[in-house]
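This report concerns only the one structure given below.
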Amino acid sequence: MESVEEKIRSLRDVLHEHNYRYYIEDKPTVSDFEFDQLLKELQQLELDHPECFDPNSPTQRVGGGVTKNFDTLPHRFPMYSLSNTYSKEELEQWEERIKKVLGEEAAIAYTCELKFDGVSISLTYENGELLQALTRGDGTQGDAITTNVKTIKTIPLKLKGNYPPFFEIRGEIILPWEGFHQMNAEREALGEPLYMNPRNTASGSLKLQDSNLVAQRPLHCFLYALAGNQLPVRSQFEALEKARSWGFKVPDSAKLVKSIDEVFKYIQYWEEARKKLPYEIDGIVIKVNSFNQQEELGFTAKAPRWAMAYKYQAEQVSTTLKDISYQVGRTGAITPVAQLEPVVISGTTVKRASLHNADQIEKLDLRLGDTVYVEKGGEIIPKIVGVNPQKRGVLENKVTFISNCPECGSLLEREPGEAQHYCKNETECPPQKIGKIQHFIGRKAMDIEGLGGETVVLLFQQGLLNSVSDLYRLKKEQILPLERMADKSVSNLIEGIEKSKEKPFSKVLFGLGIRFVGETVAKKLSKKFKSIQALQQASLEDLIQTDDIGERIAESVVTYFANPQNQAMIKQLQSYGLRFEEEVLEHEYHPAFEGKRFVVSGVFQNYSREALKNEIEQLGGTLVSGVTAKTDYVIAGEGMGPSKKEKAESLGLTVLSEEAYEKLKS
């Protein structure tokens, strides 16, 4: 009979293999539900048998460790920076320098690789297990972030195949665009300041003290360089292939070429193709392929002579800083915005650029009238990256961050550990009141048809809306006289408000706009506490015991419900018939749905999209927005986008009509 220790070891091996197939090969062989059940079984066995602890168990992926201080440790092999170039001529000059050392007749091959814009990392493996993870630091020593790195699914905790007994591997931790935009969408829904760019967000994530939070960030890691003694490889390209065979996520975009002309063709190809990548790159890394030749070429004090980074130039223009305005977000966050002399960047006219916070203004030492350099951060968000020292504004026009709210005049506060200033007058500050109503009617909250953000502003200005509860007092005759309000559109608006009373408790809770309570957290709270009454009475300790609810979220919830004005508003909403209790389901999860991932697209005859999505979740399915290889079913209604359907078919996914969906339930 199998012993407990053998059972634990067997489960770990199985889960490591499933992790590899899911995150490295992108070819999962079990459903998410089956994987989660195996993981729960292992977690319970490890809990019951602490003597079987393994720091590289798959259970360590979910986080849990808290690091108060990150130790600074030396690198066994230095992590050099790379020399940069922006032109073909400089690449040719680099090759000339190489040939002077290796000889004019030397046959030189190059490995070309994408230069990921992320955070450099060095991973140490001993006997096939992850031993340590260090940041690059100053190249000779870095911060130990091993606990946080273990939560990144594309970093193997145990290796496959015939690996060396001890070696290091270098890579780049990145945040793909989809994850970055999703994180910013969640922050926008919460009224929080948006993250600046994927690289800084990835870097900040790795230094979070709570690894549970790191585990929630959609970080990836690409590996690209081995370091060690007596490695079983003779070239860079062979090293990439070996690393891939050991279970590392190695990009397949690397190419082995035999001349600088071929290098430049690779550079030219990716200059356009990089715009379609799901993550950000800022150039190409070119390396002499042969390790023997690398050793002969050696290093300068700062960089290897055998490698060069070709950087793509971000389009940068100069313009005049005319003024600074300040925006007030739904949660009172104050964002300074630079008003610019209009300038064209990447084909679009830019008149404004975010300055993020007071620290950014101070760092740039801005003055009105400055000639500033503007780029599109990640080619999406315009940003000021510098000031032309020869064309400064006068010192008397130095920009000083405001001390009072530009809308209501309240004194601004800067919370400890935050870069942002806040207006705390949340119940009276007009932009905050408007923002809360706009959030409440949003698609992921109450999804009130016929009512948009501009209409909310109009109704607020006319004195018809002052809080979300006022929505349910609106009368058709009040709205009809207003500008651009036709009979049909007003009828649709009133009907949409009435229909919103059918939204489930979790949607109402999210719609309230409690700081840090996003869509997912609202669902967890509604399922745990079942009613608004129970949630209002919950203590800080009760809230923290809920899955994925940390102290920051718990404190925010307690503070929200302690406010008498919020309590009064909730009572009003209850009196209008909104749902403040979790619906009790009479049926169990359906075996055909449990643990499966569904995409819903199009219009359906017998369901609203909302009702169909709710039913899928009630039956145990998980809703996802995009079609990927990990999707189990795509439910296609009328008007489904052709590109989404083509992608589903190309991936061999099961596409269900409404009729086929009904059969799946039976």
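Chain lettering (A, B, ...) mirrors the order of the structure tokens, residue numbering begins at 1 for each chain separately, and ligand numbering begins at 1 in order of display.
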Near-Phe505 of chain A list (6 Å; only C-alpha atoms; drop same-chain fewer than 6 positions) as a list in words: Arg579, Phe580, Glu581 and Glu582 of chain A
message: Using DSSP secondary structure from the backbone, list all strand (DSSP E or B) positions within segment 14-181 of chain A, as an MDAnalysis selection string.
response: chainID A and resid 66 72:74 84:85 110:116 119:126 129:135 141:144 158 166:174
- prompt: A:Pro165, A:Leu219, A:Pro431, A:Lys527: which is nearest Ile152 of chain A, counting only C-alpha atoms?
  reply: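 When distances to Ile152 of chain A are compared using only C-alpha atoms, the smallest one comes from A:Leu219.
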statement: In Å and to one decimal, atom CA of Leu231 of chain A is distant from atom CA of Phe291 of chain A by 10.5 Å
task: Name all residues at most 9 Å from segment 119-132 of chain A (count only C-alpha atoms; drop same-chain ones fewer than 6 positions away) and give them as number ranges by chain.
output: A: 55-56, 75, 79, 142, 144-147, 150, 155-160, 163-174, 199-200, 202-203, 206, 221, 223, 246
Could you list, with a cut-off of 9 Å and counting only C-alpha atoms, the residues of segment 157-207 of chain A near segment 346-368 of chain A, each shown with its nearest atom pair and the distance in Å rounded to one decimal, rows sorted by chain and ascending number, as CSV?
residue,atom,partner,partner_atom,distance
A:Pro193,CA,A:His356,CA,7.8
A:Leu194,CA,A:His356,CA,8.5
A:Met196,CA,A:His356,CA,7.9
Would you write out those residues with all heavy atoms, as a PDB file, in the first residue's frame?
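As written to disk, selection.pdb reads:
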ATOM      1  N   PRO A 193      -5.430  55.229  -9.195  1.00  0.00           N
ATOM      2  CA  PRO A 193      -4.530  55.694 -10.267  1.00  0.00           C
ATOM      3  C   PRO A 193      -4.023  54.511 -11.088  1.00  0.00           C
ATOM      4  O   PRO A 193      -3.758  53.436 -10.535  1.00  0.00           O
ATOM      5  CB  PRO A 193      -3.374  56.352  -9.500  1.00  0.00           C
ATOM      6  CG  PRO A 193      -3.915  56.642  -8.143  1.00  0.00           C
ATOM      7  CD  PRO A 193      -4.946  55.602  -7.855  1.00  0.00           C
ATOM      8  N   LEU A 194      -3.885  54.704 -12.391  1.00  0.00           N
ATOM      9  CA  LEU A 194      -3.461  53.613 -13.262  1.00  0.00           C
ATOM     10  C   LEU A 194      -1.954  53.397 -13.174  1.00  0.00           C
ATOM     11  O   LEU A 194      -1.188  54.318 -12.888  1.00  0.00           O
ATOM     12  CB  LEU A 194      -3.848  53.914 -14.710  1.00  0.00           C
ATOM     13  CG  LEU A 194      -5.337  54.139 -14.985  1.00  0.00           C
ATOM     14  CD1 LEU A 194      -5.580  54.251 -16.479  1.00  0.00           C
ATOM     15  CD2 LEU A 194      -6.190  53.026 -14.393  1.00  0.00           C
ATOM     16  N   MET A 196       1.759  52.905 -14.638  1.00  0.00           N
ATOM     17  CA  MET A 196       2.381  53.668 -15.723  1.00  0.00           C
ATOM     18  C   MET A 196       2.688  52.800 -16.934  1.00  0.00           C
ATOM     19  O   MET A 196       2.388  53.159 -18.065  1.00  0.00           O
ATOM     20  CB  MET A 196       3.658  54.330 -15.222  1.00  0.00           C
ATOM     21  CG  MET A 196       3.421  55.450 -14.225  1.00  0.00           C
ATOM     22  SD  MET A 196       4.963  56.117 -13.552  1.00  0.00           S
ATOM     23  CE  MET A 196       5.696  56.852 -15.015  1.00  0.00           C
TER      24      MET A 196
END
field: Exercise: Thr59 of chain A partners within 8 Å, only C-alpha atoms, chain neighbours under 6 positions left out, as an NGL selection string
entry: :A and (39 or 42-43)
- request: Considering only C-alpha atoms, state which residue in the set A:Ser31, A:Gln537, A:Ile570, A:Leu471 is at the smallest distance from Val508 of chain A.
  value: A:Ile570
query: So how far away is atom CA of Asp117 of chain A from atom CA of Leu340 of chain A, in Å?
result: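 Taking atom CA of Leu340 of chain A as the start and atom CA of Asp117 of chain A as the end point, the length is 27.9 Å.
Among the candidates A:Asp470, A:Glu495, A:Glu428, A:Glu541, the one nearest to Leu573 of chain A when counting only C-alpha atoms is A:Asp470.
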query: Between A:Ile402, A:Thr320, A:Phe33, A:Leu91, which has the minimum distance to Arg597 of chain A (counting only C-alpha atoms)?
result: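 Going through A:Ile402, A:Thr320, A:Phe33, A:Leu91 one by one, the smallest distance to Arg597 of chain A is for A:Phe33.
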With a distance cut-off of 10 Å and only C-alpha atoms, select the neighbouring residues of Glu498 of chain A, excluding the residue or stretch itself and same-chain residues fewer than 3 positions from it, and output the selection as a PDB file with N, CA and C atoms, in the first residue's frame.
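Wrote part00.pdb, looks like this:
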ATOM      1  N   ILE A 448     -26.821  49.465 -16.625  1.00  0.00           N
ATOM      2  CA  ILE A 448     -28.114  50.092 -16.914  1.00  0.00           C
ATOM      3  C   ILE A 448     -28.150  50.558 -18.365  1.00  0.00           C
ATOM      4  N   LEU A 471     -31.162  57.519  -8.718  1.00  0.00           N
ATOM      5  CA  LEU A 471     -31.517  56.891  -9.995  1.00  0.00           C
ATOM      6  C   LEU A 471     -32.916  56.299  -9.942  1.00  0.00           C
ATOM      7  N   TYR A 472     -33.274  55.740  -8.804  1.00  0.00           N
ATOM      8  CA  TYR A 472     -34.534  55.009  -8.683  1.00  0.00           C
ATOM      9  C   TYR A 472     -35.710  55.930  -8.330  1.00  0.00           C
ATOM     10  N   ASN A 492     -36.372  54.005 -22.658  1.00  0.00           N
ATOM     11  CA  ASN A 492     -35.352  52.963 -22.515  1.00  0.00           C
ATOM     12  C   ASN A 492     -34.538  53.158 -21.239  1.00  0.00           C
ATOM     13  N   LEU A 493     -34.235  54.412 -20.924  1.00  0.00           N
ATOM     14  CA  LEU A 493     -33.463  54.714 -19.712  1.00  0.00           C
ATOM     15  C   LEU A 493     -34.227  54.286 -18.466  1.00  0.00           C
ATOM     16  N   ILE A 494     -35.491  54.670 -18.374  1.00  0.00           N
ATOM     17  CA  ILE A 494     -36.310  54.311 -17.199  1.00  0.00           C
ATOM     18  C   ILE A 494     -36.471  52.799 -17.102  1.00  0.00           C
ATOM     19  N   GLU A 495     -36.652  52.151 -18.263  1.00  0.00           N
ATOM     20  CA  GLU A 495     -36.788  50.687 -18.283  1.00  0.00           C
ATOM     21  C   GLU A 495     -35.488  50.016 -17.830  1.00  0.00           C
ATOM     22  N   LYS A 501     -32.821  46.315 -11.083  1.00  0.00           N
ATOM     23  CA  LYS A 501     -33.206  45.781  -9.773  1.00  0.00           C
ATOM     24  C   LYS A 501     -33.096  44.258  -9.733  1.00  0.00           C
ATOM     25  N   GLU A 502     -32.960  43.631 -10.910  1.00  0.00           N
ATOM     26  CA  GLU A 502     -32.840  42.172 -10.974  1.00  0.00           C
ATOM     27  C   GLU A 502     -31.389  41.704 -10.858  1.00  0.00           C
ATOM     28  N   TYR A 576     -35.987  50.414  -2.590  1.00  0.00           N
ATOM     29  CA  TYR A 576     -36.371  50.426  -4.000  1.00  0.00           C
ATOM     30  C   TYR A 576     -36.354  49.034  -4.627  1.00  0.00           C
ATOM     31  N   GLY A 577     -35.979  48.029  -3.852  1.00  0.00           N
ATOM     32  CA  GLY A 577     -36.087  46.650  -4.327  1.00  0.00           C
ATOM     33  C   GLY A 577     -34.826  46.049  -4.903  1.00  0.00           C
ATOM     34  N   LEU A 578     -33.657  46.686  -4.719  1.00  0.00           N
ATOM     35  CA  LEU A 578     -32.414  46.089  -5.204  1.00  0.00           C
ATOM     36  C   LEU A 578     -32.064  44.868  -4.365  1.00  0.00           C
TER      37      LEU A 578
END
field: segment 100-108 of chain A surroundings by only C-alpha atoms, 9 Å radius, close-in-sequence under 6 positions cut, as a PyMOL selection string
entry: chain A and resi 258-259+288-290+293+296-297
Non-local contacts of segment 433-447 of chain A (10 Å; only C-alpha atoms; under 6 positions in same chain excluded) as a compact mmCIF listing (two decimals) with all heavy atoms, in the first residue's frame:
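Saved as result_26.txt:
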# COMPACT_ATOMS: atom_id res chain seq x y z
N GLU A 188 -9.07 51.09 -12.50
CA GLU A 188 -9.97 52.13 -12.97
C GLU A 188 -11.36 51.94 -12.36
O GLU A 188 -12.00 52.90 -11.93
CB GLU A 188 -10.05 52.11 -14.50
CG GLU A 188 -10.84 53.26 -15.08
CD GLU A 188 -10.79 53.29 -16.60
OE1 GLU A 188 -10.67 52.21 -17.21
OE2 GLU A 188 -10.87 54.38 -17.17
N ALA A 189 -11.81 50.67 -12.31
CA ALA A 189 -13.11 50.38 -11.71
C ALA A 189 -13.14 50.74 -10.23
O ALA A 189 -14.18 51.11 -9.68
CB ALA A 189 -13.45 48.89 -11.89
N LEU A 190 -11.98 50.64 -9.59
CA LEU A 190 -11.88 50.98 -8.17
C LEU A 190 -11.60 52.46 -7.95
O LEU A 190 -11.51 52.92 -6.82
CB LEU A 190 -10.76 50.15 -7.50
CG LEU A 190 -10.98 48.64 -7.44
CD1 LEU A 190 -9.71 47.94 -7.01
CD2 LEU A 190 -12.13 48.32 -6.50
N GLY A 191 -11.40 53.19 -9.05
CA GLY A 191 -11.09 54.60 -8.93
C GLY A 191 -9.66 54.87 -8.53
O GLY A 191 -9.32 55.96 -8.05
N VAL A 328 -9.84 64.86 -10.65
CA VAL A 328 -10.26 64.19 -9.42
C VAL A 328 -10.97 62.90 -9.79
O VAL A 328 -11.98 62.92 -10.50
CB VAL A 328 -11.20 65.08 -8.58
CG1 VAL A 328 -11.53 64.40 -7.25
CG2 VAL A 328 -10.57 66.45 -8.35
N GLY A 329 -10.44 61.77 -9.35
CA GLY A 329 -11.03 60.47 -9.66
C GLY A 329 -12.18 60.11 -8.73
O GLY A 329 -12.47 60.83 -7.77
N ARG A 330 -12.81 59.00 -9.01
CA ARG A 330 -13.96 58.55 -8.22
C ARG A 330 -13.64 58.37 -6.75
O ARG A 330 -14.48 58.59 -5.88
CB ARG A 330 -14.50 57.24 -8.82
CG ARG A 330 -15.62 56.62 -8.03
CD ARG A 330 -16.21 55.44 -8.77
NE ARG A 330 -15.27 54.38 -9.03
CZ ARG A 330 -14.94 53.44 -8.16
NH1 ARG A 330 -15.46 53.45 -6.95
NH2 ARG A 330 -14.09 52.48 -8.49
N THR A 331 -12.41 57.93 -6.46
CA THR A 331 -12.03 57.73 -5.05
C THR A 331 -11.32 58.94 -4.47
O THR A 331 -10.79 58.89 -3.37
CB THR A 331 -11.09 56.51 -4.92
OG1 THR A 331 -9.91 56.76 -5.68
CG2 THR A 331 -11.76 55.25 -5.40
N GLY A 332 -11.29 60.04 -5.23
CA GLY A 332 -10.64 61.25 -4.74
C GLY A 332 -9.18 61.37 -5.11
O GLY A 332 -8.52 62.34 -4.72
N ASN A 425 -13.14 64.39 0.70
CA ASN A 425 -14.53 64.86 0.79
C ASN A 425 -15.41 64.07 -0.17
O ASN A 425 -16.02 64.62 -1.09
CB ASN A 425 -14.57 66.36 0.47
CG ASN A 425 -15.94 66.96 0.66
OD1 ASN A 425 -16.77 66.44 1.39
ND2 ASN A 425 -16.19 68.08 -0.02
N GLU A 426 -15.46 62.74 0.04
CA GLU A 426 -16.07 61.86 -0.97
C GLU A 426 -17.57 62.03 -1.13
O GLU A 426 -18.12 61.74 -2.18
CB GLU A 426 -15.75 60.40 -0.64
CG GLU A 426 -16.28 59.91 0.69
CD GLU A 426 -16.04 58.43 0.88
OE1 GLU A 426 -16.51 57.66 0.03
OE2 GLU A 426 -15.39 58.06 1.86
N THR A 427 -18.25 62.52 -0.10
CA THR A 427 -19.72 62.61 -0.20
C THR A 427 -20.20 63.95 -0.77
O THR A 427 -21.37 64.08 -1.11
CB THR A 427 -20.37 62.40 1.18
OG1 THR A 427 -19.83 63.35 2.10
CG2 THR A 427 -20.11 60.99 1.69
N GLY A 453 -22.34 57.70 -19.37
CA GLY A 453 -21.62 58.63 -18.50
C GLY A 453 -21.99 60.08 -18.74
O GLY A 453 -22.13 60.87 -17.79
N GLU A 454 -22.17 60.48 -20.02
CA GLU A 454 -22.50 61.87 -20.32
C GLU A 454 -23.88 62.23 -19.80
O GLU A 454 -24.11 63.35 -19.32
CB GLU A 454 -22.43 62.10 -21.83
CG GLU A 454 -21.00 62.06 -22.39
CD GLU A 454 -20.95 62.37 -23.87
OE1 GLU A 454 -22.02 62.67 -24.45
OE2 GLU A 454 -19.86 62.31 -24.46
N THR A 455 -24.81 61.30 -19.88
CA THR A 455 -26.16 61.55 -19.38
C THR A 455 -26.15 61.71 -17.87
O THR A 455 -26.88 62.54 -17.31
CB THR A 455 -27.11 60.40 -19.79
OG1 THR A 455 -27.06 60.23 -21.20
CG2 THR A 455 -28.54 60.70 -19.37
N VAL A 456 -25.28 60.93 -17.19
CA VAL A 456 -25.15 61.07 -15.74
C VAL A 456 -24.70 62.49 -15.40
O VAL A 456 -25.24 63.12 -14.48
CB VAL A 456 -24.15 60.04 -15.17
CG1 VAL A 456 -23.76 60.38 -13.73
CG2 VAL A 456 -24.73 58.64 -15.22
N VAL A 457 -23.71 63.02 -16.15
CA VAL A 457 -23.23 64.38 -15.91
C VAL A 457 -24.36 65.38 -16.11
O VAL A 457 -24.55 66.30 -15.29
CB VAL A 457 -22.04 64.71 -16.85
CG1 VAL A 457 -21.64 66.18 -16.72
CG2 VAL A 457 -20.85 63.81 -16.54
N LEU A 459 -27.66 64.90 -15.91
CA LEU A 459 -28.66 64.77 -14.84
C LEU A 459 -28.14 65.33 -13.52
O LEU A 459 -28.90 65.90 -12.72
CB LEU A 459 -29.06 63.30 -14.68
CG LEU A 459 -29.79 62.67 -15.87
CD1 LEU A 459 -29.99 61.17 -15.66
CD2 LEU A 459 -31.13 63.35 -16.11
N PHE A 460 -26.83 65.18 -13.28
CA PHE A 460 -26.23 65.74 -12.06
C PHE A 460 -26.28 67.26 -12.12
O PHE A 460 -26.65 67.93 -11.13
CB PHE A 460 -24.79 65.25 -11.93
CG PHE A 460 -24.07 65.75 -10.70
CD1 PHE A 460 -24.16 65.05 -9.50
CD2 PHE A 460 -23.31 66.91 -10.75
CE1 PHE A 460 -23.52 65.51 -8.36
CE2 PHE A 460 -22.65 67.38 -9.62
CZ PHE A 460 -22.75 66.69 -8.42
N GLN A 461 -25.92 67.82 -13.27
CA GLN A 461 -25.91 69.28 -13.42
C GLN A 461 -27.31 69.87 -13.30
O GLN A 461 -27.46 71.02 -12.85
CB GLN A 461 -25.29 69.64 -14.77
CG GLN A 461 -23.80 69.36 -14.86
CD GLN A 461 -23.24 69.53 -16.25
OE1 GLN A 461 -24.00 69.51 -17.24
NE2 GLN A 461 -21.92 69.68 -16.36
N LEU A 465 -29.74 64.09 -10.13
CA LEU A 465 -28.94 63.01 -9.55
C LEU A 465 -27.91 63.60 -8.59
O LEU A 465 -27.16 64.51 -8.96
CB LEU A 465 -28.19 62.22 -10.63
CG LEU A 465 -28.94 61.21 -11.48
CD1 LEU A 465 -27.97 60.51 -12.43
CD2 LEU A 465 -29.65 60.18 -10.61
N ASN A 466 -27.88 63.07 -7.38
CA ASN A 466 -26.86 63.48 -6.42
C ASN A 466 -26.15 62.27 -5.82
O ASN A 466 -25.05 62.38 -5.29
CB ASN A 466 -27.48 64.32 -5.31
CG ASN A 466 -26.43 65.08 -4.53
OD1 ASN A 466 -25.60 65.78 -5.10
ND2 ASN A 466 -26.45 64.92 -3.21
N SER A 467 -26.79 61.09 -5.92
CA SER A 467 -26.20 59.83 -5.48
C SER A 467 -26.86 58.70 -6.25
O SER A 467 -27.85 58.92 -6.96
CB SER A 467 -26.40 59.62 -3.97
OG SER A 467 -27.74 59.27 -3.69
N VAL A 468 -26.35 57.48 -6.11
CA VAL A 468 -26.90 56.36 -6.88
C VAL A 468 -28.35 56.08 -6.53
O VAL A 468 -29.14 55.63 -7.37
CB VAL A 468 -26.04 55.08 -6.70
CG1 VAL A 468 -24.66 55.28 -7.26
CG2 VAL A 468 -25.97 54.65 -5.25
N SER A 469 -28.75 56.35 -5.29
CA SER A 469 -30.14 56.07 -4.90
C SER A 469 -31.12 56.98 -5.65
O SER A 469 -32.28 56.62 -5.86
CB SER A 469 -30.33 56.23 -3.39
OG SER A 469 -29.96 57.53 -2.97
N ASP A 470 -30.65 58.17 -6.11
CA ASP A 470 -31.53 59.07 -6.86
C ASP A 470 -31.95 58.48 -8.19
O ASP A 470 -32.96 58.90 -8.77
CB ASP A 470 -30.82 60.41 -7.10
CG ASP A 470 -30.63 61.22 -5.83
OD1 ASP A 470 -31.39 60.99 -4.87
OD2 ASP A 470 -29.73 62.08 -5.80
N LEU A 471 -31.16 57.52 -8.72
CA LEU A 471 -31.52 56.89 -10.00
C LEU A 471 -32.92 56.30 -9.94
O LEU A 471 -33.67 56.35 -10.93
CB LEU A 471 -30.51 55.78 -10.33
CG LEU A 471 -29.12 56.20 -10.79
CD1 LEU A 471 -28.16 55.02 -10.71
CD2 LEU A 471 -29.17 56.76 -12.21
N GLY A 496 -34.35 50.58 -18.28
CA GLY A 496 -33.06 50.03 -17.88
C GLY A 496 -32.83 50.13 -16.39
O GLY A 496 -32.29 49.20 -15.76
N ILE A 497 -33.23 51.24 -15.80
CA ILE A 497 -33.10 51.41 -14.35
C ILE A 497 -33.95 50.39 -13.62
O ILE A 497 -33.53 49.77 -12.64
CB ILE A 497 -33.48 52.85 -13.94
CG1 ILE A 497 -32.44 53.84 -14.47
CG2 ILE A 497 -33.63 52.97 -12.42
CD1 ILE A 497 -32.82 55.30 -14.29
N LYS A 499 -34.95 47.44 -14.73
CA LYS A 499 -34.39 46.10 -14.92
C LYS A 499 -33.18 45.86 -14.03
O LYS A 499 -32.89 44.71 -13.66
CB LYS A 499 -33.99 45.90 -16.39
CG LYS A 499 -35.14 45.53 -17.31
CD LYS A 499 -34.61 45.19 -18.70
CE LYS A 499 -35.74 44.73 -19.61
NZ LYS A 499 -35.24 44.39 -20.97
N SER A 500 -32.47 46.92 -13.70
CA SER A 500 -31.26 46.76 -12.89
C SER A 500 -31.57 46.21 -11.50
O SER A 500 -30.69 45.69 -10.82
CB SER A 500 -30.52 48.09 -12.77
OG SER A 500 -31.20 48.99 -11.91
N LYS A 501 -32.82 46.32 -11.08
CA LYS A 501 -33.21 45.78 -9.77
C LYS A 501 -33.10 44.26 -9.73
O LYS A 501 -33.12 43.66 -8.66
CB LYS A 501 -34.64 46.21 -9.43
CG LYS A 501 -34.81 47.70 -9.26
CD LYS A 501 -36.27 48.07 -8.97
CE LYS A 501 -36.44 49.58 -8.86
NZ LYS A 501 -37.87 49.97 -8.62
N GLU A 502 -32.96 43.63 -10.91
CA GLU A 502 -32.84 42.17 -10.97
C GLU A 502 -31.39 41.70 -10.86
O GLU A 502 -31.13 40.50 -10.77
CB GLU A 502 -33.43 41.67 -12.30
CG GLU A 502 -34.89 42.02 -12.49
CD GLU A 502 -35.39 41.69 -13.90
OE1 GLU A 502 -34.62 41.05 -14.66
OE2 GLU A 502 -36.51 42.10 -14.24
N LYS A 503 -30.45 42.63 -10.86
CA LYS A 503 -29.03 42.24 -10.79
C LYS A 503 -28.73 41.56 -9.46
O LYS A 503 -29.27 41.93 -8.42
CB LYS A 503 -28.13 43.48 -10.93
CG LYS A 503 -28.26 44.18 -12.27
CD LYS A 503 -27.74 43.33 -13.41
CE LYS A 503 -27.89 44.06 -14.75
NZ LYS A 503 -27.50 43.21 -15.88
N PRO A 504 -27.84 40.55 -9.49
CA PRO A 504 -27.53 39.81 -8.26
C PRO A 504 -26.78 40.68 -7.25
O PRO A 504 -26.21 41.73 -7.59
CB PRO A 504 -26.66 38.65 -8.76
CG PRO A 504 -26.07 39.14 -10.04
CD PRO A 504 -27.10 40.03 -10.65
N SER A 506 -23.93 40.41 -5.85
CA SER A 506 -22.51 40.69 -6.10
C SER A 506 -22.34 41.90 -7.01
O SER A 506 -21.41 42.70 -6.85
CB SER A 506 -21.82 39.47 -6.72
OG SER A 506 -22.38 39.15 -7.97
N LYS A 507 -23.25 42.07 -8.00
CA LYS A 507 -23.19 43.22 -8.90
C LYS A 507 -23.51 44.51 -8.15
O LYS A 507 -22.88 45.55 -8.38
CB LYS A 507 -24.18 43.03 -10.06
CG LYS A 507 -23.89 41.85 -10.96
CD LYS A 507 -22.85 42.19 -12.00
CE LYS A 507 -22.69 41.10 -13.03
NZ LYS A 507 -21.65 41.40 -14.02
N VAL A 508 -24.52 44.45 -7.28
CA VAL A 508 -24.89 45.63 -6.50
C VAL A 508 -23.73 46.03 -5.58
O VAL A 508 -23.37 47.21 -5.48
CB VAL A 508 -26.15 45.36 -5.65
CG1 VAL A 508 -26.54 46.61 -4.86
CG2 VAL A 508 -27.31 44.92 -6.54
N LEU A 509 -23.12 45.02 -4.97
CA LEU A 509 -22.00 45.28 -4.05
C LEU A 509 -20.83 45.92 -4.79
O LEU A 509 -20.23 46.89 -4.31
CB LEU A 509 -21.57 43.96 -3.39
CG LEU A 509 -20.45 44.04 -2.36
CD1 LEU A 509 -20.83 44.96 -1.21
CD2 LEU A 509 -20.13 42.63 -1.83
N PHE A 510 -20.49 45.39 -5.95
CA PHE A 510 -19.43 45.99 -6.76
C PHE A 510 -19.80 47.41 -7.16
O PHE A 510 -18.97 48.32 -7.14
CB PHE A 510 -19.17 45.13 -8.00
CG PHE A 510 -18.20 45.73 -8.97
CD1 PHE A 510 -16.91 46.06 -8.58
CD2 PHE A 510 -18.57 45.97 -10.29
CE1 PHE A 510 -16.00 46.62 -9.49
CE2 PHE A 510 -17.68 46.54 -11.19
CZ PHE A 510 -16.39 46.86 -10.79
N GLY A 511 -21.07 47.61 -7.51
CA GLY A 511 -21.54 48.93 -7.94
C GLY A 511 -21.45 50.00 -6.87
O GLY A 511 -21.37 51.19 -7.19
N LEU A 512 -21.45 49.61 -5.61
CA LEU A 512 -21.36 50.60 -4.53
C LEU A 512 -20.04 51.36 -4.57
O LEU A 512 -19.94 52.46 -4.04
CB LEU A 512 -21.51 49.92 -3.17
CG LEU A 512 -22.88 49.30 -2.86
CD1 LEU A 512 -22.87 48.63 -1.49
CD2 LEU A 512 -23.99 50.36 -2.93
N GLY A 513 -19.04 50.76 -5.20
CA GLY A 513 -17.77 51.48 -5.37
C GLY A 513 -16.91 51.54 -4.13
O GLY A 513 -16.18 52.50 -3.92
N ILE A 514 -16.96 50.51 -3.30
CA ILE A 514 -16.12 50.47 -2.11
C ILE A 514 -14.67 50.34 -2.57
O ILE A 514 -14.34 49.49 -3.40
CB ILE A 514 -16.49 49.27 -1.21
CG1 ILE A 514 -17.97 49.35 -0.84
CG2 ILE A 514 -15.63 49.24 0.05
CD1 ILE A 514 -18.49 48.10 -0.13
N GLY A 518 -13.10 45.10 -6.06
CA GLY A 518 -13.35 44.92 -7.47
C GLY A 518 -14.41 43.86 -7.71
O GLY A 518 -15.04 43.34 -6.77
N GLU A 519 -14.59 43.52 -8.97
CA GLU A 519 -15.64 42.56 -9.36
C GLU A 519 -15.44 41.21 -8.69
O GLU A 519 -16.38 40.61 -8.15
CB GLU A 519 -15.63 42.42 -10.88
CG GLU A 519 -16.79 41.61 -11.44
CD GLU A 519 -16.72 41.50 -12.95
OE1 GLU A 519 -15.66 41.83 -13.53
OE2 GLU A 519 -17.71 41.08 -13.55
N GLU A 610 -26.44 38.23 -20.01
CA GLU A 610 -26.22 38.23 -18.56
C GLU A 610 -26.78 36.97 -17.92
O GLU A 610 -26.14 36.33 -17.08
CB GLU A 610 -26.89 39.48 -17.95
CG GLU A 610 -26.51 39.76 -16.51
CD GLU A 610 -25.07 40.22 -16.37
OE1 GLU A 610 -24.54 40.85 -17.30
OE2 GLU A 610 -24.47 39.92 -15.33
- prompt: If you measure from atom CA of Ser601 of chain A to atom CA of Phe516 of chain A, what distance in Å do you get, rounded to one decimal?
  reply: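 We find that atom CA of Ser601 of chain A and atom CA of Phe516 of chain A lie 29.1 Å from each other.
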